[in-house]
2 protein chains.
Amino acid sequence: MSEITLDHKSMVNAPVGVFDSGLGGLTVAREIMRLLPAEDIVYFGDTARVPYGSKSKDTILYFSRQIVRFLKTKNVKAIVVACNTASALALPTLREEIDIPIIGVVEPGAHAAAKATKTGHVGVIGTQATVSSGIYAKVIGEIDETISVIGKACPLFVPMVEEGLADHPMMMQMIDYYLSSIKESNVDALVLGCTHYPLLRGRIHEYLGDAITLVNPAYETAMGLKGLLGKHGLLRPEKSAGETQKNQAAANLYVSDLPERFKEFANSILPVDIERVKTVNIEQF
Amino acid sequence: MSEITLDHKSMVNAPVGVFDSGLGGLTVAREIMRLLPAEDIVYFGDTARVPYGSKSKDTILYFSRQIVRFLKTKNVKAIVVACNTASALALPTLREEIDIPIIGVVEPGAHAAAKATKTGHVGVIGTQATVSSGIYAKVIGEIDETISVIGKACPLFVPMVEEGLADHPMMMQMIDYYLSSIKESNVDALVLGCTHYPLLRGRIHEYLGDAITLVNPAYETAMGLKGLLGKHGLLRPEKSAGETQKNQAAANLYVSDLPERFKEFANSILPVDIERVKTVNIEQF
């Protein structure tokens, strides 16, 4: 019995694995850190093979399996697929293959959108792969079959954000180029179905106005993770106020390329100081 | 002696290997097909890991070595690195490691630019990795140390071309965003230092005007290959007029992802019909 108890304790104290094709998933890691500050995180960003959104299902599944194998070497107790494309195309298969809890960003985002719409018309923006998969329409349809879903791929949003053009006048033109049909529709809830898009939230809101609620699956996913860990008895208790704050939860970041650039971005977005980002040859997993 | 002759004959008839991070290198393959119609080509596009231009030297070298190993299984007699980023960052090392002739796009492009400039000021546009490498300035400086080189990375040109926006008004704004400093400089020759950029040639010319000569390394590279094969006695003789045209040189295309999409693009750009594009798991090489 004591062994089982020990095992369970070490499981509770184990980190949560989080992965994305690159740095966008840090917006999800940030929400997890805020909502579950006691949880250690192991993050992997596949910066050598980014982006995923213009690639095939087979390739995205192949890459995702390698990352899951890597995260399991870090003894994670659960995995968050913090990438819409991998959630849309790889998660259903990963879930069948894995023996620990796993959650993606699509289901939490779909639930939030279904809850937010009053007109019964939801929009979803994301990568070509996410939108072509039709996964949001499928999941939202399972929640409420009367809700209609319009998808729109916006492949240039990510490179423009990464190029630092989020506040450039061309960004508003690009938003108009991609979102004019959404603006003219009767959609009243729009899922930001790519982890980079929360970084454009202000601009998109400025363009679409108050009539359309923007749904950010990052926050919903952190909530979903909390529920999932609770269900499995894996939530790590928060420290009591008397304990030192020095031993706050750890974040270990790994990438497949360009760790320095990643560290800089992580420090601009995460609520903890990241001193080092390590490089992993992900092809070996 | 007869064995040596046979070996040499089979070497002469062997294909030329050509690779790129994706589909841009087809603009180089096209020039090779036009200039050397008797040569068989084996092309590899790394569509599962595209783009290279925002990644590190180590990663680009690692990927390029895998591709060279793959091409050698196809018994190529020579290799063309039809990618500016890989030419800039991997070619010097590959050249030391390989036992067959290998040529990139940078040296032919640099020679053409040095020849084209009258003011002694050359501009180079390309990916972040190519421009940061300073390779064009280095090679042009070796040809003529009095020539000055200005580099400008244009990371959004490739995704905009791939999104079909080459003729959209936003493209001209993006060209103005990246190239206004070149336009105002005393540069009179501009290297299109990324294999996608010839697809924007008309637009860039429209913006910069006749005073700046646009240098396309694709054609210069095909010329360089012809010289290199000739030097090694590896040029395949063209068929005489009496022979059937049915047995024209073959092009075998391989990619690491999305062969159907690639086939469509290849057929829009190459002077031969491509019936099939095969998928290769490049990580296994």
# chains A, B, ... in the order shown; residues from 1 in each chain; ligands from 1
>>> interface_residues(of="chain B", to="chain A", cutoff="8 Å", atoms="only C-alpha atoms", output="ChimeraX atom specification")
/B:47-51,55-56,59,155-156,159-160,163,170,173,257-258,283
>>> write_last_selection(atoms="N, CA and C atoms", output="compact mmCIF listing (two decimals), in the first residue's frame")
# COMPACT_ATOMS: atom_id res chain seq x y z
N THR B 47 9.06 19.61 -47.78
CA THR B 47 7.79 20.26 -47.44
C THR B 47 7.29 19.97 -46.03
N ALA B 48 7.83 18.92 -45.37
CA ALA B 48 7.40 18.66 -43.99
C ALA B 48 8.07 19.61 -43.01
N ARG B 49 9.23 20.19 -43.41
CA ARG B 49 9.99 21.01 -42.47
C ARG B 49 10.20 22.44 -42.97
N VAL B 50 9.63 22.74 -44.14
CA VAL B 50 9.69 24.10 -44.70
C VAL B 50 9.09 25.09 -43.70
N PRO B 51 9.52 26.32 -43.57
CA PRO B 51 10.64 26.94 -44.26
C PRO B 51 11.97 26.75 -43.51
N LYS B 55 15.34 29.43 -39.53
CA LYS B 55 15.92 28.43 -38.62
C LYS B 55 17.44 28.58 -38.51
N SER B 56 18.04 27.80 -37.59
CA SER B 56 19.47 27.99 -37.30
C SER B 56 20.36 27.25 -38.29
N THR B 59 20.52 23.45 -37.61
CA THR B 59 19.34 22.72 -38.08
C THR B 59 19.35 22.60 -39.60
N PRO B 155 10.97 38.42 -44.88
CA PRO B 155 10.35 37.14 -44.49
C PRO B 155 8.92 36.93 -44.95
N LEU B 156 8.18 38.01 -45.27
CA LEU B 156 6.78 37.80 -45.65
C LEU B 156 6.57 37.56 -47.14
N PRO B 159 5.51 33.62 -47.65
CA PRO B 159 4.12 33.26 -47.31
C PRO B 159 3.09 34.01 -48.15
N MET B 160 3.37 35.25 -48.57
CA MET B 160 2.40 35.96 -49.40
C MET B 160 2.29 35.33 -50.79
N GLU B 163 0.34 32.19 -50.43
CA GLU B 163 -1.08 32.46 -50.17
C GLU B 163 -1.78 33.01 -51.41
N MET B 170 -1.95 44.50 -51.57
CA MET B 170 -1.11 44.42 -50.36
C MET B 170 0.32 44.01 -50.69
N GLN B 173 2.36 47.01 -51.24
CA GLN B 173 2.67 47.66 -49.96
C GLN B 173 3.79 46.93 -49.24
N ASP B 257 6.30 15.87 -47.58
CA ASP B 257 4.89 16.01 -47.21
C ASP B 257 4.10 16.57 -48.39
N LEU B 258 2.80 16.31 -48.40
CA LEU B 258 1.84 16.91 -49.33
C LEU B 258 2.22 16.79 -50.81
N GLU B 283 13.55 11.96 -42.36
CA GLU B 283 14.21 11.81 -41.05
C GLU B 283 14.95 10.49 -40.93
>>> select_by_dssp(residues="region 97-206 of chain A", states="helix (DSSP H, G or I)", output="ChimeraX atom specification")
/A:97,106-116,128-133,135-143,157-162,169-183,197-206
>>> residues_around(residues="Glu107 (chain A)", least_positions_apart="5", cutoff="12 Å", atoms="only C-alpha atoms", output="MDAnalysis selection string")
chainID A and resid 80:82 84 87:88 91:92 102 112:114 135:143 191 193 216:218 220:225
>>> residues_around(residues="region 198-213 of chain A", least_positions_apart="2", cutoff="8 Å", atoms="only C-alpha atoms", output="JSON, numbers by chain")
{"A": [27, 116, 117, 161, 166, 167, 172, 175, 176, 183, 187, 188, 189, 190, 192, 195, 196, 215, 216]}
>>> write_last_selection(atoms="C-alpha atoms", output="compact mmCIF listing (two decimals), in the first residue's frame")
# COMPACT_ATOMS: atom_id res chain seq x y z
CA THR A 27 -0.22 31.71 -24.48
CA ALA A 116 -21.13 32.51 -26.01
CA THR A 117 -23.31 32.58 -29.14
CA VAL A 161 2.84 38.56 -35.88
CA ALA A 166 0.86 43.26 -35.36
CA ASP A 167 0.50 47.04 -34.98
CA MET A 172 -5.58 46.00 -40.35
CA ILE A 175 -7.56 41.49 -40.98
CA ASP A 176 -10.04 43.10 -43.40
CA LYS A 183 -17.95 40.81 -40.15
CA VAL A 187 -21.77 35.35 -36.43
CA ASP A 188 -21.69 36.68 -32.86
CA ALA A 189 -18.86 34.53 -31.42
CA LEU A 190 -15.46 34.02 -33.04
CA LEU A 192 -9.36 32.50 -32.10
CA THR A 195 -2.49 30.03 -30.36
CA HIS A 196 -0.86 33.09 -31.97
CA VAL A 215 -13.27 33.28 -27.69
CA ASN A 216 -9.69 32.49 -26.60
>>> closest_residue(among="B:Gly109, B:Gly25, B:Gly134, B:Pro101", to="Lys231 (chain B)", atoms="only C-alpha atoms")
B:Pro101
>>> closest_residue(among="A:Asn252, A:Arg65, A:His111, A:Val272", to="Glu96 (chain A)", atoms="only C-alpha atoms")
A:Arg65
>>> residues_around(residues="Arg236 (chain A)", least_positions_apart="5", cutoff="9 Å", atoms="only C-alpha atoms", output="PyMOL selection string")
chain A and resi 12-14+36+38-39+229
>>> closest_residue(among="B:Gly151, B:Pro271, B:Gly164, B:Gly230", to="Gly123 (chain B)", atoms="only C-alpha atoms")
B:Gly151
>>> residues_around(residues="Leu23 (chain A)", least_positions_apart="4", cutoff="8 Å", atoms="only C-alpha atoms", output="JSON, numbers by chain")
{"A": [45, 47, 262, 265, 266]}
>>> atom_distance(atom1="CA of Ser148 (chain A)", atom2="CA of Val124 (chain A)")
10.7 Å
>>> select_by_dssp(residues="region 42-194 of chain B", states="strand (DSSP E)", output="ChimeraX atom specification")
/B:42-45,78-81,102-104,121-126,148-153,189-192
>>> write_last_selection(atoms="C-alpha atoms", output="CSV table (one decimal), in the first residue's frame")
chain,number,residue,atom,x,y,z
B,42,VAL,CA,15.9,13.9,-59.0
B,43,TYR,CA,14.3,16.7,-57.0
B,44,PHE,CA,13.7,16.7,-53.3
B,45,GLY,CA,11.5,19.4,-51.6
B,78,ALA,CA,26.1,15.9,-58.9
B,79,ILE,CA,24.0,17.9,-56.5
B,80,VAL,CA,22.4,21.4,-56.9
B,81,VAL,CA,21.5,23.1,-53.6
B,102,ILE,CA,28.0,20.1,-55.7
B,103,ILE,CA,26.9,23.6,-56.5
B,104,GLY,CA,24.7,26.2,-54.7
B,121,HIS,CA,26.5,48.9,-55.0
B,122,VAL,CA,24.6,45.6,-54.9
B,123,GLY,CA,21.5,44.8,-53.0
B,124,VAL,CA,20.6,41.3,-51.8
B,125,ILE,CA,17.1,40.2,-50.6
B,126,GLY,CA,16.4,36.9,-49.0
B,148,SER,CA,29.5,47.3,-51.4
B,149,VAL,CA,26.5,45.0,-50.5
B,150,ILE,CA,23.3,45.9,-48.7
B,151,GLY,CA,21.2,43.0,-47.5
B,152,LYS,CA,17.5,43.1,-46.6
B,153,ALA,CA,15.5,40.2,-45.2
B,189,ALA,CA,21.8,45.4,-59.1
B,190,LEU,CA,19.5,43.4,-56.8
B,191,VAL,CA,20.0,39.7,-56.2
B,192,LEU,CA,16.6,37.9,-55.8
